[in-house]
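Structure file upload_23.txt (compact mmCIF, C-alpha atoms) follows.
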# COMPACT_ATOMS: atom_id res chain seq x y z
CA MET G 1 0.00 0.00 0.00
CA SER G 2 1.03 3.59 -0.49
CA GLN G 3 1.82 6.18 2.12
CA HIS G 4 -1.96 6.79 2.38
CA THR G 5 -2.75 3.95 4.78
CA HIS G 6 -6.11 5.26 5.97
CA PRO G 7 -8.43 5.15 2.97
CA ALA G 8 -11.70 6.97 2.76
CA THR G 9 -14.33 4.22 2.98
CA VAL G 10 -17.77 4.36 1.39
CA THR G 11 -20.53 1.78 1.01
CA ALA G 12 -21.79 0.98 -2.47
CA PRO G 13 -25.37 2.10 -3.07
CA ALA G 14 -27.86 -0.55 -4.07
CA SER G 15 -27.87 -1.59 -7.72
CA LYS G 16 -30.35 0.50 -9.67
CA SER G 17 -30.73 -2.14 -12.38
CA MET G 18 -31.36 -4.94 -9.89
CA SER G 19 -33.69 -2.78 -7.77
CA HIS G 20 -35.95 -2.11 -10.78
CA ARG G 21 -36.02 -5.77 -11.81
CA ALA G 22 -36.55 -7.18 -8.32
CA MET G 23 -39.42 -4.80 -7.60
CA MET G 24 -41.12 -5.66 -10.91
CA ALA G 25 -40.65 -9.40 -10.37
CA ALA G 26 -42.09 -9.14 -6.86
CA ALA G 27 -45.04 -7.14 -8.22
CA LEU G 28 -45.88 -10.08 -10.52
CA ALA G 29 -45.34 -12.79 -7.90
CA ASP G 30 -47.97 -14.98 -6.24
CA GLY G 31 -47.79 -13.81 -2.63
CA GLU G 32 -45.86 -11.23 -0.63
CA SER G 33 -42.16 -10.64 -1.20
CA HIS G 34 -39.85 -8.81 1.17
CA LEU G 35 -37.21 -6.77 -0.63
CA PHE G 36 -34.16 -5.34 1.09
CA ASN G 37 -31.53 -2.77 0.05
CA VAL G 38 -33.71 -1.37 -2.75
CA LEU G 39 -32.14 1.83 -4.09
CA ASP G 40 -33.74 5.01 -2.78
CA SER G 41 -33.86 7.21 -5.87
CA ASP G 42 -36.25 9.11 -8.13
CA ASP G 43 -36.18 6.35 -10.75
CA LEU G 44 -37.19 3.66 -8.25
CA ILE G 45 -39.98 5.87 -6.93
CA ARG G 46 -41.28 6.00 -10.50
CA THR G 47 -41.17 2.20 -10.80
CA ALA G 48 -42.94 1.67 -7.47
CA ASP G 49 -45.63 4.23 -8.33
CA ALA G 50 -46.18 2.70 -11.78
CA LEU G 51 -46.65 -0.75 -10.24
CA ARG G 52 -49.04 0.64 -7.62
CA GLU G 53 -51.08 2.46 -10.29
CA SER G 54 -51.51 -0.85 -12.12
CA GLY G 55 -52.65 -2.71 -9.00
CA SER G 56 -49.70 -4.00 -6.96
CA SER G 57 -49.28 -3.24 -3.26
CA ILE G 58 -45.85 -1.85 -2.35
CA ALA G 59 -45.29 -0.57 1.17
CA PRO G 60 -42.30 0.07 3.46
CA LEU G 61 -41.55 -3.08 5.42
CA THR G 62 -40.39 -1.12 8.43
CA ALA G 63 -39.75 2.53 9.17
CA LEU G 64 -36.42 1.51 10.70
CA GLU G 65 -34.88 0.11 7.51
CA PRO G 66 -34.79 2.31 4.41
CA GLY G 67 -34.92 0.31 1.20
CA ALA G 68 -37.01 -2.52 2.70
CA PHE G 69 -40.40 -3.16 1.10
CA ALA G 70 -43.28 -5.59 1.34
CA VAL G 71 -44.63 -6.23 -2.16
CA LEU G 72 -47.91 -8.08 -2.70
CA GLY G 73 -47.88 -9.23 -6.28
CA GLN G 74 -50.40 -9.63 -9.09
CA PRO G 75 -49.70 -13.01 -10.71
CA GLU G 76 -52.44 -12.37 -13.28
CA GLY G 77 -50.77 -9.18 -14.48
CA PRO G 78 -51.45 -5.43 -14.24
CA ASP G 79 -54.95 -3.93 -14.14
CA GLY G 80 -55.67 -0.99 -16.42
CA SER G 81 -58.67 1.13 -17.21
CA PRO G 82 -61.45 -0.63 -19.17
CA ASP G 83 -61.97 2.63 -21.11
CA GLU G 84 -59.34 3.55 -23.69
CA ASP G 85 -60.47 7.20 -23.51
CA THR G 86 -59.65 7.41 -19.79
CA PRO G 87 -56.58 5.17 -19.45
CA THR G 88 -54.70 4.47 -16.22
CA GLU G 89 -51.96 7.11 -15.93
CA ILE G 90 -48.38 5.79 -15.67
CA ASP G 91 -45.87 8.61 -15.09
CA VAL G 92 -42.28 7.42 -15.67
CA ALA G 93 -40.80 10.95 -15.39
CA GLU G 94 -37.22 10.64 -16.74
CA SER G 95 -36.62 6.96 -15.94
CA GLY G 96 -35.86 5.12 -19.16
CA THR G 97 -35.59 1.78 -17.36
CA THR G 98 -39.02 2.24 -15.80
CA CYS G 99 -40.52 3.25 -19.14
CA ARG G 100 -39.22 0.33 -21.17
CA LEU G 101 -39.60 -2.47 -18.64
CA ILE G 102 -42.98 -1.34 -17.33
CA THR G 103 -44.36 -0.98 -20.87
CA ALA G 104 -43.61 -4.64 -21.56
CA ILE G 105 -45.10 -5.70 -18.22
CA LEU G 106 -48.26 -3.63 -18.71
CA ALA G 107 -48.72 -5.41 -22.04
CA ALA G 108 -49.35 -8.66 -20.15
CA GLY G 109 -52.23 -7.12 -18.22
CA GLN G 110 -55.75 -6.02 -19.06
CA GLY G 111 -57.05 -2.60 -20.10
CA SER G 112 -55.56 0.71 -21.19
CA PHE G 113 -52.57 2.56 -19.79
CA ARG G 114 -51.17 5.97 -20.71
CA VAL G 115 -47.38 6.03 -20.36
CA HIS G 116 -45.80 9.47 -20.23
CA GLY G 117 -42.83 11.28 -18.70
CA LYS G 118 -40.95 14.56 -18.72
CA GLY G 119 -37.71 16.11 -19.95
CA ARG G 120 -36.11 14.12 -22.75
CA MET G 121 -38.33 11.09 -22.11
CA HIS G 122 -40.72 12.10 -24.89
CA GLU G 123 -37.75 12.03 -27.31
CA ARG G 124 -36.42 8.65 -26.18
CA PRO G 125 -37.35 5.78 -28.49
CA ILE G 126 -39.48 2.79 -27.59
CA GLY G 127 -40.78 1.93 -31.07
CA ALA G 128 -38.78 -1.29 -31.45
CA LEU G 129 -40.29 -2.72 -28.26
CA ALA G 130 -43.76 -1.52 -29.21
CA ARG G 131 -43.55 -3.23 -32.61
CA SER G 132 -42.61 -6.50 -30.93
CA LEU G 133 -45.52 -6.21 -28.49
CA GLU G 134 -47.91 -5.38 -31.33
CA THR G 135 -47.13 -8.77 -32.91
CA LEU G 136 -48.34 -10.28 -29.61
CA GLY G 137 -51.70 -8.49 -29.77
CA VAL G 138 -51.02 -5.18 -27.97
CA ARG G 139 -52.21 -1.83 -29.41
CA PHE G 140 -50.28 1.46 -29.21
CA LYS G 141 -51.61 4.94 -29.90
CA TYR G 142 -48.94 7.66 -29.92
CA GLU G 143 -49.81 11.18 -28.80
CA GLY G 144 -46.66 12.89 -30.07
CA THR G 145 -43.63 11.57 -31.92
CA HIS G 146 -44.32 8.14 -33.38
CA GLY G 147 -42.30 5.50 -31.52
CA CYS G 148 -41.80 7.66 -28.39
CA PRO G 149 -43.84 8.42 -25.28
CA PRO G 150 -46.44 9.61 -24.54
CA PHE G 151 -48.64 6.77 -25.77
CA VAL G 152 -51.72 4.79 -24.80
CA LEU G 153 -51.20 1.02 -24.59
CA THR G 154 -54.30 -1.17 -24.76
CA THR G 155 -54.13 -4.90 -24.13
CA ASP G 156 -56.13 -7.98 -23.23
CA GLY G 157 -53.04 -10.05 -22.53
CA LEU G 158 -50.11 -11.43 -24.50
CA ARG G 159 -50.51 -14.11 -27.16
CA GLY G 160 -47.85 -16.79 -26.82
CA ARG G 161 -46.01 -17.35 -30.10
CA GLU G 162 -42.73 -16.22 -31.63
CA VAL G 163 -41.50 -12.65 -31.46
CA SER G 164 -38.32 -10.89 -32.53
CA VAL G 165 -36.94 -7.67 -31.09
CA ASP G 166 -34.33 -5.23 -32.33
CA ILE G 167 -32.12 -4.22 -29.37
CA SER G 168 -29.60 -2.11 -31.27
CA GLU G 169 -30.92 0.94 -29.36
CA SER G 170 -31.41 -0.64 -25.95
CA SER G 171 -31.16 -4.07 -24.34
CA GLN G 172 -34.07 -2.99 -22.13
CA TYR G 173 -36.43 -3.96 -24.95
CA LEU G 174 -35.30 -7.56 -24.59
CA SER G 175 -35.28 -7.40 -20.79
CA GLY G 176 -38.88 -6.18 -20.84
CA LEU G 177 -39.98 -9.02 -23.11
CA LEU G 178 -38.18 -11.57 -20.93
CA MET G 179 -39.89 -10.28 -17.79
CA THR G 180 -43.38 -10.20 -19.30
CA ALA G 181 -43.12 -13.50 -21.25
CA PRO G 182 -44.12 -15.79 -18.33
CA LEU G 183 -47.55 -14.09 -18.28
CA ALA G 184 -48.32 -14.89 -21.93
CA ASP G 185 -51.12 -17.36 -22.69
CA GLY G 186 -48.72 -19.85 -24.25
CA PRO G 187 -45.04 -20.57 -24.96
CA LEU G 188 -43.06 -17.62 -26.29
CA THR G 189 -39.83 -17.72 -28.26
CA ILE G 190 -37.92 -14.43 -28.31
CA SER G 191 -35.41 -13.92 -31.10
CA LEU G 192 -33.09 -11.01 -31.83
CA ALA G 193 -33.35 -8.83 -34.93
CA GLY G 194 -31.30 -5.92 -36.20
CA GLU G 195 -27.66 -5.41 -37.01
CA LYS G 196 -26.15 -5.48 -33.54
CA THR G 197 -26.89 -5.62 -29.82
CA VAL G 198 -25.85 -3.34 -26.98
CA SER G 199 -25.46 -3.67 -23.22
CA TRP G 200 -25.71 -7.48 -23.07
CA PRO G 201 -24.75 -7.62 -19.35
CA TYR G 202 -28.05 -5.97 -18.47
CA VAL G 203 -29.84 -8.90 -20.10
CA SER G 204 -27.82 -11.20 -17.83
CA LEU G 205 -29.10 -9.25 -14.82
CA THR G 206 -32.66 -9.80 -16.04
CA LEU G 207 -32.07 -13.54 -16.44
CA GLN G 208 -30.55 -13.64 -12.96
CA VAL G 209 -33.67 -12.06 -11.43
CA LEU G 210 -35.97 -14.38 -13.41
CA GLU G 211 -34.06 -17.37 -12.09
CA GLU G 212 -34.07 -16.07 -8.52
CA PHE G 213 -37.85 -15.51 -8.62
CA GLY G 214 -38.50 -19.02 -9.92
CA ILE G 215 -39.09 -18.40 -13.63
CA PRO G 216 -37.78 -21.16 -15.94
CA PHE G 217 -36.27 -20.29 -19.31
CA VAL G 218 -34.00 -21.80 -21.91
CA VAL G 219 -31.28 -19.89 -23.73
CA GLU G 220 -30.42 -21.36 -27.13
CA VAL G 221 -27.52 -20.59 -29.44
CA ASN G 222 -27.02 -21.38 -33.08
CA PRO G 223 -23.32 -21.72 -33.96
CA GLY G 224 -24.31 -22.52 -37.55
CA SER G 225 -25.37 -26.12 -37.12
CA GLY G 226 -28.82 -25.52 -35.65
CA TRP G 227 -30.29 -24.41 -32.34
CA GLN G 228 -29.03 -25.97 -29.14
CA ALA G 229 -29.75 -25.16 -25.51
CA VAL G 230 -26.84 -23.95 -23.37
CA ASP G 231 -26.19 -25.67 -20.04
CA ASP G 232 -25.27 -22.43 -18.26
CA TRP G 233 -26.73 -19.19 -19.59
CA ARG G 234 -24.05 -17.24 -17.66
CA LEU G 235 -21.51 -18.42 -20.20
CA VAL G 236 -23.31 -16.55 -22.99
CA ARG G 237 -21.33 -13.33 -23.30
CA ALA G 238 -23.05 -11.62 -26.20
CA ALA G 239 -26.30 -11.67 -28.11
CA VAL G 240 -25.77 -11.81 -31.85
CA PRO G 241 -28.93 -11.45 -33.99
CA GLY G 242 -29.79 -14.83 -35.47
CA LYS G 243 -27.44 -16.64 -33.07
CA VAL G 244 -29.20 -16.40 -29.68
CA ARG G 245 -32.85 -16.86 -28.69
CA PHE G 246 -34.90 -17.43 -25.55
CA ARG G 247 -37.66 -19.98 -25.00
CA MET G 248 -40.20 -19.14 -22.29
CA GLU G 249 -43.21 -21.04 -20.93
CA PRO G 250 -46.17 -19.65 -18.99
CA ALA G 251 -45.08 -19.51 -15.34
CA THR G 252 -45.71 -17.70 -12.07
CA TYR G 253 -43.14 -15.58 -10.26
CA ARG G 254 -42.44 -16.97 -6.79
CA ALA G 255 -42.65 -14.55 -3.85
CA ARG G 256 -39.48 -14.50 -1.77
CA LYS G 257 -37.08 -12.52 0.40
CA TYR G 258 -34.58 -10.71 -1.81
CA VAL G 259 -31.54 -8.55 -1.03
CA VAL G 260 -30.35 -6.24 -3.82
CA GLU G 261 -26.59 -6.25 -4.41
CA GLY G 262 -24.37 -3.16 -4.58
CA ASP G 263 -24.22 -1.02 -7.70
CA TRP G 264 -21.07 -0.93 -9.83
CA SER G 265 -22.22 2.02 -11.95
CA ASN G 266 -22.69 4.37 -9.01
CA SER G 267 -19.58 3.01 -7.29
CA SER G 268 -17.44 3.82 -10.32
CA TYR G 269 -17.02 7.46 -9.25
CA PHE G 270 -15.48 6.45 -5.92
CA LEU G 271 -13.29 3.75 -7.44
CA ALA G 272 -12.06 6.25 -10.02
CA ALA G 273 -11.42 8.77 -7.23
CA GLY G 274 -9.09 6.26 -5.61
CA ALA G 275 -7.20 5.86 -8.89
CA LEU G 276 -6.70 9.63 -9.17
CA GLY G 277 -5.51 10.08 -5.62
CA PRO G 278 -4.22 11.83 -3.68
CA ALA G 279 -5.41 9.12 -1.26
CA LEU G 280 -6.76 5.62 -1.81
CA VAL G 281 -10.47 4.79 -1.57
CA ARG G 282 -12.21 1.66 -0.30
CA VAL G 283 -15.72 0.70 -1.44
CA ARG G 284 -17.69 -1.89 0.54
CA GLY G 285 -20.69 -3.93 -0.59
CA LEU G 286 -19.68 -4.90 -4.13
CA VAL G 287 -19.85 -8.45 -5.49
CA MET G 288 -16.61 -9.45 -7.22
CA GLU G 289 -18.33 -11.98 -9.51
CA SER G 290 -21.27 -9.69 -10.29
CA LEU G 291 -22.92 -9.96 -13.70
CA GLN G 292 -23.22 -6.15 -13.82
CA GLY G 293 -21.42 -4.94 -16.92
CA ASP G 294 -20.07 -1.89 -15.13
CA SER G 295 -17.87 -4.08 -12.94
CA ALA G 296 -15.57 -3.59 -15.97
CA ILE G 297 -14.44 -0.40 -14.20
CA ILE G 298 -11.94 -2.58 -12.29
CA ASP G 299 -10.29 -3.83 -15.49
CA ILE G 300 -10.32 -0.32 -16.95
CA LEU G 301 -8.67 1.20 -13.88
CA GLN G 302 -6.03 -1.52 -13.89
CA ASP G 303 -5.40 -0.94 -17.62
CA MET G 304 -4.92 2.75 -16.88
CA GLY G 305 -2.42 1.89 -14.16
CA ALA G 306 -4.31 1.91 -10.83
CA GLU G 307 -3.62 -0.63 -8.08
CA ILE G 308 -6.61 -2.78 -7.03
CA THR G 309 -6.87 -4.82 -3.82
CA TRP G 310 -9.82 -7.08 -2.96
CA GLU G 311 -10.82 -8.03 0.56
CA ARG G 312 -13.73 -10.23 1.57
CA ASP G 313 -16.36 -7.50 1.30
CA ALA G 314 -14.51 -4.50 -0.11
CA VAL G 315 -12.33 -3.31 -2.97
CA THR G 316 -9.60 -0.70 -2.51
CA VAL G 317 -8.17 1.43 -5.30
CA GLU G 318 -4.76 2.99 -4.82
CA PRO G 319 -3.56 5.97 -6.89
CA ARG G 320 -0.94 5.42 -9.52
CA HIS G 321 0.26 7.27 -12.60
CA LEU G 322 -2.62 6.87 -15.08
CA ASN G 323 -2.25 6.35 -18.82
CA GLY G 324 -4.74 6.69 -21.65
CA ILE G 325 -6.35 3.57 -23.13
CA GLU G 326 -8.41 2.40 -26.09
CA ARG G 327 -11.58 0.54 -25.14
CA ASP G 328 -14.82 -0.70 -26.67
CA MET G 329 -17.34 0.10 -23.91
CA SER G 330 -20.49 -1.24 -25.56
CA GLU G 331 -21.00 -3.62 -22.63
CA SER G 332 -20.56 -0.95 -19.94
CA PRO G 333 -22.01 2.29 -21.33
CA ASP G 334 -23.06 3.87 -18.03
CA ILE G 335 -19.44 4.29 -16.90
CA VAL G 336 -18.32 6.02 -20.10
CA PRO G 337 -18.60 9.48 -18.45
CA THR G 338 -16.50 8.22 -15.51
CA VAL G 339 -13.76 6.94 -17.82
CA ALA G 340 -13.93 10.03 -20.04
CA VAL G 341 -13.29 12.34 -17.07
CA LEU G 342 -10.46 10.09 -15.86
CA ALA G 343 -8.98 10.27 -19.35
CA ALA G 344 -8.75 14.06 -19.09
CA MET G 345 -6.33 13.59 -16.18
CA ALA G 346 -4.29 10.69 -17.61
CA ASP G 347 -1.16 10.75 -19.77
CA GLY G 348 -1.82 10.21 -23.45
CA PRO G 349 -5.08 9.99 -25.41
CA THR G 350 -8.03 7.76 -24.59
CA LYS G 351 -10.37 6.41 -27.27
CA ILE G 352 -13.78 5.05 -26.24
CA THR G 353 -15.87 3.28 -28.89
CA GLY G 354 -18.98 1.12 -29.22
CA VAL G 355 -21.40 3.52 -27.53
CA PRO G 356 -23.47 5.44 -30.12
CA HIS G 357 -26.60 4.74 -28.00
CA LEU G 358 -25.29 7.19 -25.37
CA ARG G 359 -26.77 9.93 -27.54
CA ILE G 360 -30.30 8.92 -26.44
CA LYS G 361 -29.85 8.87 -22.67
CA GLU G 362 -31.00 11.55 -20.19
CA SER G 363 -28.72 13.79 -22.24
CA ASP G 364 -26.63 13.22 -25.33
CA ARG G 365 -23.91 11.88 -23.06
CA LEU G 366 -21.19 11.95 -25.69
CA ALA G 367 -21.82 15.60 -26.54
CA ALA G 368 -22.24 16.50 -22.86
CA CYS G 369 -18.92 14.86 -21.95
CA ALA G 370 -17.17 16.62 -24.83
CA LYS G 371 -18.50 20.06 -23.93
CA GLU G 372 -17.77 19.85 -20.21
CA ILE G 373 -14.40 18.09 -20.34
CA SER G 374 -13.13 20.63 -22.86
CA LYS G 375 -13.61 23.32 -20.18
CA VAL G 376 -10.49 22.06 -18.38
CA GLY G 377 -8.35 22.41 -21.51
CA ALA G 378 -8.44 18.85 -22.82
CA SER G 379 -8.92 18.25 -26.53
CA VAL G 380 -12.09 16.24 -27.15
CA MET G 381 -13.23 14.73 -30.43
CA LEU G 382 -16.62 13.13 -30.98
CA LEU G 383 -16.60 9.90 -32.98
CA ASP G 384 -19.49 8.19 -34.75
CA ASP G 385 -19.70 5.65 -31.94
CA GLY G 386 -17.71 7.22 -29.13
CA ILE G 387 -15.31 9.88 -27.96
CA MET G 388 -11.57 10.60 -27.96
CA ILE G 389 -9.94 12.64 -25.21
CA THR G 390 -6.41 14.05 -25.39
CA PRO G 391 -5.50 15.48 -21.97
CA LYS G 392 -3.71 18.70 -21.19
CA PRO G 393 -2.41 19.72 -17.74
CA ILE G 394 -5.02 21.76 -15.86
CA SER G 395 -3.76 25.33 -15.45
CA GLN G 396 -3.08 26.89 -12.08
CA GLN G 397 -5.47 29.67 -13.00
CA LEU G 398 -8.30 27.16 -13.40
CA LYS G 399 -7.37 25.53 -10.10
CA GLN G 400 -7.64 28.92 -8.44
CA GLU G 401 -10.85 30.00 -10.12
CA GLY G 402 -12.64 26.67 -10.45
CA VAL G 403 -14.98 25.62 -13.24
CA ASP G 404 -18.74 26.04 -13.68
CA PHE G 405 -20.05 22.80 -15.16
CA SER G 406 -23.46 22.03 -16.61
CA SER G 407 -24.97 18.73 -15.54
CA HIS G 408 -27.08 18.68 -18.75
CA GLY G 409 -29.90 17.37 -16.55
CA ASP G 410 -27.99 14.09 -16.30
CA HIS G 411 -27.02 12.42 -13.03
CA ARG G 412 -24.06 10.54 -14.51
CA ILE G 413 -22.54 13.68 -16.02
CA ALA G 414 -22.61 15.52 -12.67
CA MET G 415 -21.20 12.63 -10.64
CA SER G 416 -18.41 12.01 -13.15
CA LEU G 417 -17.31 15.64 -13.36
CA SER G 418 -16.94 15.69 -9.58
CA LEU G 419 -13.76 13.66 -10.10
CA PHE G 420 -11.93 16.85 -11.11
CA GLU G 421 -11.94 17.78 -7.42
CA ARG G 422 -9.40 15.00 -6.86
CA VAL G 423 -6.71 17.03 -8.64
CA GLY G 424 -7.47 20.28 -6.84
CA LEU G 425 -9.95 21.81 -9.26
CA PRO G 426 -12.92 23.53 -7.56
CA VAL G 427 -16.09 22.24 -9.23
CA ARG G 428 -19.46 24.00 -9.36
CA PHE G 429 -22.71 22.70 -10.92
CA ASP G 430 -25.81 24.40 -12.25
CA ASP G 431 -27.98 21.70 -10.63
CA PRO G 432 -26.34 19.44 -8.04
CA THR G 433 -29.72 17.83 -7.23
CA VAL G 434 -29.74 16.00 -10.57
CA VAL G 435 -27.99 13.09 -8.77
CA ASN G 436 -31.30 12.29 -7.04
CA LYS G 437 -32.33 10.36 -10.14
CA SER G 438 -30.14 7.42 -9.19
CA PHE G 439 -28.11 8.31 -6.09
CA PRO G 440 -29.67 10.87 -3.70
CA GLY G 441 -26.94 10.26 -1.13
CA PHE G 442 -24.08 10.91 -3.54
CA TRP G 443 -22.92 14.23 -2.11
CA ASP G 444 -22.96 12.90 1.45
CA GLU G 445 -20.77 9.98 0.37
CA TRP G 446 -18.54 12.29 -1.69
CA ASP G 447 -17.99 14.39 1.43
CA LYS G 448 -16.32 11.35 3.02
CA LEU G 449 -13.66 11.59 0.32
CA ARG G 450 -13.33 15.35 0.85
CA ASN G 451 -12.89 14.86 4.56
CA GLY G 452 -10.82 11.71 4.59
CA GLY G 453 -9.55 11.18 1.10
CA GLY G 454 -7.51 14.20 0.24
CA VAL G 455 -9.99 16.28 -1.75

Could you express the structure from this file as structure tokens?
Amino acid sequence: MSQHTHPATVTAPASKSMSHRAMMAAALADGESHLFNVLDSDDLIRTADALRESGSSIAPLTALEPGAFAVLGQPEGPDGSPDEDTPTEIDVAESGTTCRLITAILAAGQGSFRVHGKGRMHERPIGALARSLETLGVRFKYEGTHGCPPFVLTTDGLRGREVSVDISESSQYLSGLLMTAPLADGPLTISLAGEKTVSWPYVSLTLQVLEEFGIPFVVEVNPGSGWQAVDDWRLVRAAVPGKVRFRMEPATYRARKYVVEGDWSNSSYFLAAGALGPALVRVRGLVMESLQGDSAIIDILQDMGAEITWERDAVTVEPRHLNGIERDMSESPDIVPTVAVLAAMADGPTKITGVPHLRIKESDRLAACAKEISKVGASVMLLDDGIMITPKPISQQLKQEGVDFSSHGDHRIAMSLSLFERVGLPVRFDDPTVVNKSFPGFWDEWDKLRNGGGV
């Protein structure tokens, strides 16, 4: 270990991805589930409210334990309005995960639902998922831009058959279909269409939750000699259109006790802070063998030169001289802003590719990263599918004056840019509260680094 023997220690927040999926699975289960360590954030509030509006019961399990919920499920599926002219209102605000997954789940219910949001949500696409659901008997009526919210979904249940889905924009389309498939009236085979797939690890998280809530499924691959079932779906590392499909049977989610694991995406800022120094940082509550794609931050930090040490329940990152890297980040897009900001403080250029879908997040994350990182003097070039950052030493004048950053209404942009504090740059934001979307406690945890980690 370095001379900094007393690391700042933080606890990983709960996984946002797993919190969404566990709450939705519990809301479809036969009986009452008890969920623990569910992330407290705006996005999860949207998911819980959407499930309540469509008939599930979700209540705090105890006032003494934040993140603990009792969820009484609806094994027959969501209940909507019988009148298409006065549909049940489902407000997803700015939560893309809520919007895409809940849309698929609502499709397995009965009645009409109006799905709407705010901010950029009405520009974010959902047409590929909607087209797949329409082949299963669901009707969509768009109120604005075709293929985007707001829309009215009307359904009398899903017809079991074959369906294909294009996930070149978002793997959430496939995750939604996988979660809703057990409620179909017959067997459902889900195939992949399109030219490519993105964010495969998030599909693995969906399969993990399905398995843990008692839903059977078969993953099949076609290496060129015909379809064959895989013995262990965890060994499937990518979804290639025409080469991977999923076979689902009607089934009932099983109510259970479930503890959500720590979140690698929201831990990436603290792990990166340890790599920058001036002091090391320890993060507790992460699973080393997690299926979360953003656990790739460990490999990335090591490639850049940081020192990583694992203990039984914690990972410690020790500062080292950081170098630029080249990396395809299609499997871990949410940590692109983290790595981009790190790159501005490394030696040599960094090239990030494989992430054109970052343009349709809460902000255009590639453009937002380019605009804000350039404020510290780095040279930033936007690529068709990524970003290239060539660092430049931050001037003493900037370190004296500080920098006013825009969060672009995006939680991940704000949290990533905070890393500049680690090299003595005062950082100011137009809207620090934007972190509430996924990590309301971020600034409190960041203060632990300020107080004990050299910021």

Query raised in the report: If we count all atoms listed in the file, what is near G:Cys148 at a cut-off of 8 Å, once residues fewer than 6 positions away on the same chain are taken out, given as a PyMOL selection string?
Result: chain G and resi 121-127+142

Query - Shell of 9 Å around stretch 264-266 of chain G, all atoms listed in the file, local chain residues under 3 positions omitted, as a VMD selection string - result: chain G and resid 12 to 16 269 to 270 286 to 287 290 292 to 297 332 334 to 335 412 415 438 to 439 442

Report as a tab-separated table (two decimals) with C-alpha atoms, keeping the file's coordinate frame all protein, DNA and RNA residues lying within 8 Å of stretch 233-235 of chain G, evaluated on only C-alpha atoms, omitting residues in the same chain fewer than 2 positions from it.
chain	number	residue	atom	x	y	z
G	204	SER	CA	-27.82	-11.20	-17.83
G	219	VAL	CA	-31.28	-19.89	-23.73
G	230	VAL	CA	-26.84	-23.95	-23.37
G	231	ASP	CA	-26.19	-25.67	-20.04
G	237	ARG	CA	-21.33	-13.33	-23.30

Requested in this report: Find the residue from G:Gly176, G:Gly67, G:Pro356, G:Gly274 that sits nearest to G:Leu133; use all atoms listed in the file when measuring.
Outcome: G:Gly176

Query raised in the report: Quick one: residues within 6 Å of G:Pro349, only C-alpha atoms counted, chain neighbours fewer than 5 positions away excluded, as a ChimeraX atom specification?
Result: /G:324,389-390

Requested in this report: Just the residues within 12 Å of G:Glu326, please, counting only C-alpha atoms, with nothing from its chain fewer than 2 positions along; format it as an MDAnalysis selection string.
Outcome: chainID G and resid 300 303:304 323:324 328:329 339:340 343 348:354 386:390

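Of note, atom CA of G:Ala239 and atom CA of G:Leu383 are spaced 24.1 Å apart.
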
N, CA, C and O atoms are needed for stretch 100-108 of chain G; please write them out as a PDB file, in the coordinates of the input.
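Okay, part_4.pdb is ready:
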ATOM      1  N   ARG G 100     -39.311   1.470 -20.262  1.00  0.00           N
ATOM      2  CA  ARG G 100     -39.220   0.330 -21.170  1.00  0.00           C
ATOM      3  C   ARG G 100     -39.669  -0.965 -20.518  1.00  0.00           C
ATOM      4  O   ARG G 100     -40.423  -1.749 -21.115  1.00  0.00           O
ATOM      5  N   LEU G 101     -39.222  -1.216 -19.291  1.00  0.00           N
ATOM      6  CA  LEU G 101     -39.600  -2.470 -18.640  1.00  0.00           C
ATOM      7  C   LEU G 101     -41.085  -2.481 -18.277  1.00  0.00           C
ATOM      8  O   LEU G 101     -41.766  -3.492 -18.456  1.00  0.00           O
ATOM      9  N   ILE G 102     -41.582  -1.359 -17.763  1.00  0.00           N
ATOM     10  CA  ILE G 102     -42.980  -1.340 -17.330  1.00  0.00           C
ATOM     11  C   ILE G 102     -43.917  -1.437 -18.535  1.00  0.00           C
ATOM     12  O   ILE G 102     -45.000  -2.039 -18.460  1.00  0.00           O
ATOM     13  N   THR G 103     -43.519  -0.869 -19.671  1.00  0.00           N
ATOM     14  CA  THR G 103     -44.360  -0.980 -20.870  1.00  0.00           C
ATOM     15  C   THR G 103     -44.565  -2.436 -21.252  1.00  0.00           C
ATOM     16  O   THR G 103     -45.694  -2.861 -21.544  1.00  0.00           O
ATOM     17  N   ALA G 104     -43.492  -3.216 -21.225  1.00  0.00           N
ATOM     18  CA  ALA G 104     -43.610  -4.640 -21.560  1.00  0.00           C
ATOM     19  C   ALA G 104     -44.480  -5.366 -20.532  1.00  0.00           C
ATOM     20  O   ALA G 104     -45.308  -6.217 -20.893  1.00  0.00           O
ATOM     21  N   ILE G 105     -44.320  -5.032 -19.266  1.00  0.00           N
ATOM     22  CA  ILE G 105     -45.100  -5.700 -18.220  1.00  0.00           C
ATOM     23  C   ILE G 105     -46.574  -5.323 -18.303  1.00  0.00           C
ATOM     24  O   ILE G 105     -47.464  -6.177 -18.172  1.00  0.00           O
ATOM     25  N   LEU G 106     -46.863  -4.053 -18.554  1.00  0.00           N
ATOM     26  CA  LEU G 106     -48.260  -3.630 -18.710  1.00  0.00           C
ATOM     27  C   LEU G 106     -48.933  -4.384 -19.844  1.00  0.00           C
ATOM     28  O   LEU G 106     -50.135  -4.678 -19.788  1.00  0.00           O
ATOM     29  N   ALA G 107     -48.167  -4.714 -20.876  1.00  0.00           N
ATOM     30  CA  ALA G 107     -48.720  -5.410 -22.040  1.00  0.00           C
ATOM     31  C   ALA G 107     -49.296  -6.766 -21.682  1.00  0.00           C
ATOM     32  O   ALA G 107     -50.153  -7.290 -22.401  1.00  0.00           O
ATOM     33  N   ALA G 108     -48.840  -7.351 -20.569  1.00  0.00           N
ATOM     34  CA  ALA G 108     -49.350  -8.660 -20.150  1.00  0.00           C
ATOM     35  C   ALA G 108     -50.615  -8.553 -19.311  1.00  0.00           C
ATOM     36  O   ALA G 108     -51.167  -9.566 -18.888  1.00  0.00           O
TER      37      ALA G 108
END
